[in-house]
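Asker: Starting off with a structure, shown below.
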Amino acid sequence: MSKIKVMDELLANKIAAGEVVEKCASVVKELVENSIDAESTIIKIDLIDSGIKEIKVTDNGIGMVREDAELAFFRHATSKIKDESDLYRINTLGFRGEALASIASVSKVTLKTSTGELGTIVNINGGIVESITNGDARKGTIISVRDLFFNTPARLKHLKSLQSELANITDYINKLALSHPNIKFTLTNNEVVVLNTDGTGNLLKTINAIYGTEVSRNMFEVTCENDDYEVSGYISAPFINRSSRNHIVTLVNGRIVRNQELNRIINDGYHSYKPDNRYPIVVLNIEVDPSLIDVNIHPTKMDIKFSKFDGLIELISNMVKSKIGKKNLIPKIEVKDEVVIEKPKYEEITLDLERVSEPEVYYNPIEINTSLIDTQVDEDIEEKGERMPEIYPVGLVHGTYIIGQNELGMYLIDQHAAKERINYEYYKEKLGNPKNDSISLLFPFVIELTNNEFIIVKEKLDVLRSLKFDVEEFGVNSVIIKSHPAWLPVGYEEVSTRKIIEIILNTGSNFSIVKFNEKLAITLSCKLAIKANENITLEEQEQLINDLRKCDNPFNCPHGRPTTIFYSNYDLEKLFKRSGFDKIV
């Protein structure tokens, strides 16, 4: 007797749902993407209990006629592609024809749709069509998905908490709103509005609706193109960052995609402008001929393959570095306006029982906000070919922070971070362009190692020699240094050499000369910088500032910490109640 049997349609749909419908966010994704493909300009997503009880999506798209509404829930039924050639020129978000059938097989669905004439209502329970009736003529579609996974309890059991499900949905709708700023999105959960965009097509306004004012006012607009790709969007100032890569949003022809290499290239453009464990906020849309990409890789349609990928990587890398490299990135400390709250008048009990007290005035605590220096100042500095304005030192606080000034306001400069940056660029240049200059030691020094360390160093002696060290084995588990490169700081020759050997030991088998040089430059710059609580003269402060201004990136130490922060004259006056606060009682 034959053991192989063809599965019935309902069972096949339930199995397909395991790939397409993983959680509530998967359902929302598929339904909203259908609304976008239907040319909607207004999309409303209403959730009950984070979508577990109900997900309702309402749009004003083109709607469906009765025949299409009946076919929509059949597996592999789609209006997006007609033949094999269409797979190579996909211009819609959906195209596989699996989503609605999969969703309907594990939930209770009601579809109301119309093209502007007599509408259609389809009711489905667990993949079984219960009724198809006439509906009203409202143009667009309303689809409700209730009791998700009611007939697959194992899947229901593994759903996350209500908060986690809502967070996943919100995250994806945020990204859809960023990819389609011309569509008005409204997201509610239990009748509480979570997101509301205006749909005006202004991407920066959408960023503001999602991330808030502080982020939106510190975003840089970027555009670039080559023969195959056009890239546009916004990237954040380096000090606007987050703890995960999730806020690097890359879009291809309006489709949200996942590509680790793209995210890495974008993040690398911020190298040494921010801490390595922090990530920028980025929204980039890549426009490309559909024939140069393949989105038919995974049912989620978020993974993508590019043709001519090297050209795209180079284009985006240069764009990020160029944009950041032209900006004055000194954080500006802004003092928010204080709100005056007048206490209501009341009769003060006194001996004569007639005098009324004066109103008391209370002030909210001062709030500090960080942003970039004004755009006009930014442009003036760019015209002069400078990245950092001239700053004149006037003193030192705690032997750590230089106080400087100019006509714009006051600056605080972390002398250790500033010297780190200066050292880092010096050593990186020397390591990247090694010369034959070396200095012979009158008294060579010996570095003793453990037996396992000696084995590693012995394998990497060629690296030390390429850096112009004259190094040889010396006795048991030791090496002798007879000469060193001329760029090692005077008085720190042995300390620097030991640091270089430590880096070689810690790098292990995954040794890369590029990464080695980078790590070496960072290590030397930190160890040999001016320390905190080290008083330096006014002349030394002036020299430090001048050297910092010559750096390619004078705004951050190699670890991403800021070197300088700025207080404008106006904000200083606000701090001391000298700007519009003369009448304070």
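Ordered as shown in the structure tokens, chains take letters A, B, and onward, while each chain numbers its residues from 1 and ligands are numbered from 1 in the order shown.
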Could you list, as a PDB file with C-alpha atoms, in the first residue's frame, every residue within 7 Å of region 43-51 of chain A, counting only C-alpha atoms and ignoring same-chain residues fewer than 4 positions away?

Answerer:
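Saved file around.pdb follows:
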```
ATOM      1  CA  CYS A  24       1.418  38.890  15.402  1.00  0.00           C
ATOM      2  CA  ILE A  55      -5.760  42.756  14.163  1.00  0.00           C
ATOM      3  CA  LYS A  56      -7.792  45.089  12.009  1.00  0.00           C
ATOM      4  CA  VAL A  57      -6.295  46.905   9.005  1.00  0.00           C
ATOM      5  CA  THR A  58      -8.329  49.584   7.233  1.00  0.00           C
ATOM      6  CA  ASP A  59      -7.144  51.269   4.012  1.00  0.00           C
ATOM      7  CA  LEU A 162       1.691  41.305  25.070  1.00  0.00           C
ATOM      8  CA  GLU A 165       4.271  41.421  20.569  1.00  0.00           C
ATOM      9  CA  LEU A 166       3.289  45.110  20.559  1.00  0.00           C
ATOM     10  CA  LYS A 184      -0.597  58.276   6.648  1.00  0.00           C
ATOM     11  CA  PHE A 185      -0.157  55.470   9.181  1.00  0.00           C
ATOM     12  CA  THR A 186      -2.138  55.204  12.402  1.00  0.00           C
ATOM     13  CA  LEU A 187      -1.456  52.405  14.888  1.00  0.00           C
ATOM     14  CA  THR A 188      -3.594  51.831  17.961  1.00  0.00           C
ATOM     15  CA  ASN A 189      -3.618  49.176  20.667  1.00  0.00           C
ATOM     16  CA  ASN A 190      -6.744  48.822  22.811  1.00  0.00           C
TER      17      ASN A 190
END
```

Asker: Apply DSSP to the structure's backbone, then extract all residues of region 437-561 of chain A labelled helix (DSSP H, G or I) and return them as a PyMOL selection string.

Answerer: chain A and resi 451-459+461-466+493-507+513-527+538-549

Asker: Closest to Thr133 (chain A) among A:Ala209, A:Leu195, A:Leu118, A:Ile447, using only C-alpha atoms?

Answerer: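 Nearest candidate to Thr133 (chain A) out of A:Ala209, A:Leu195, A:Leu118, A:Ile447: A:Leu118.
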
Asker: From the list A:Ile304, A:Glu494, A:Tyr424, A:Pro290, which residue is nearest Pro444 (chain A) when using only C-alpha atoms?

Answerer: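 Among the listed residues, the smallest separation from Pro444 (chain A) belongs to A:Glu494.
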
Asker: I'd like to know which of A:Ser291, A:Ser478, A:Asn226, A:Thr170 is closest to Asp310 (chain A), using only C-alpha atoms.

Answerer: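 Ranked by minimum distance to Asp310 (chain A), first place goes to A:Asn226.
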
Asker: List the spatial neighbours of Val109 (chain A) as a PyMOL selection string - criterion: any atom at most 7 Å away, only C-alpha atoms, same-chain residues fewer than 3 positions off excluded.

Answerer: chain A and resi 104+123-125+144-146

Asker: With distances taken over only C-alpha atoms, which of A:Ile455, A:Ile183, A:Leu524, A:Val252 is nearest to Asn196 (chain A)?

Answerer: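 Selected residue with least distance to Asn196 (chain A): A:Ile183.
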
Asker: Tell me, as a ChimeraX atom specification, which residues lie within 10 Å of region 554-563 of chain A, counting only C-alpha atoms; anything in the same chain fewer than 3 positions away does not count.

Answerer: /A:238-239,270-278,328-331,387-388,401,412-425,518-519,521-523,525-526,545,547-551

Asker: Could you tell me, as a ChimeraX atom specification, which residues of region 169-254 of chain A DSSP assigns to strand (DSSP E or B) when given the backbone?

Answerer: /A:184-189,192-196,219-225,229-236,241-242,248-252

Asker: How many Å lie between CA of Glu230 (chain A) and CA of Glu287 (chain A), rounded to one decimal?

Answerer: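 Distance between the two atoms: 5.0 Å.
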
Asker: Distance CA of Glu98 (chain A)-CA of Thr197 (chain A), one decimal place?

Answerer: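 CA of Glu98 (chain A) sits 29.4 Å away from CA of Thr197 (chain A).
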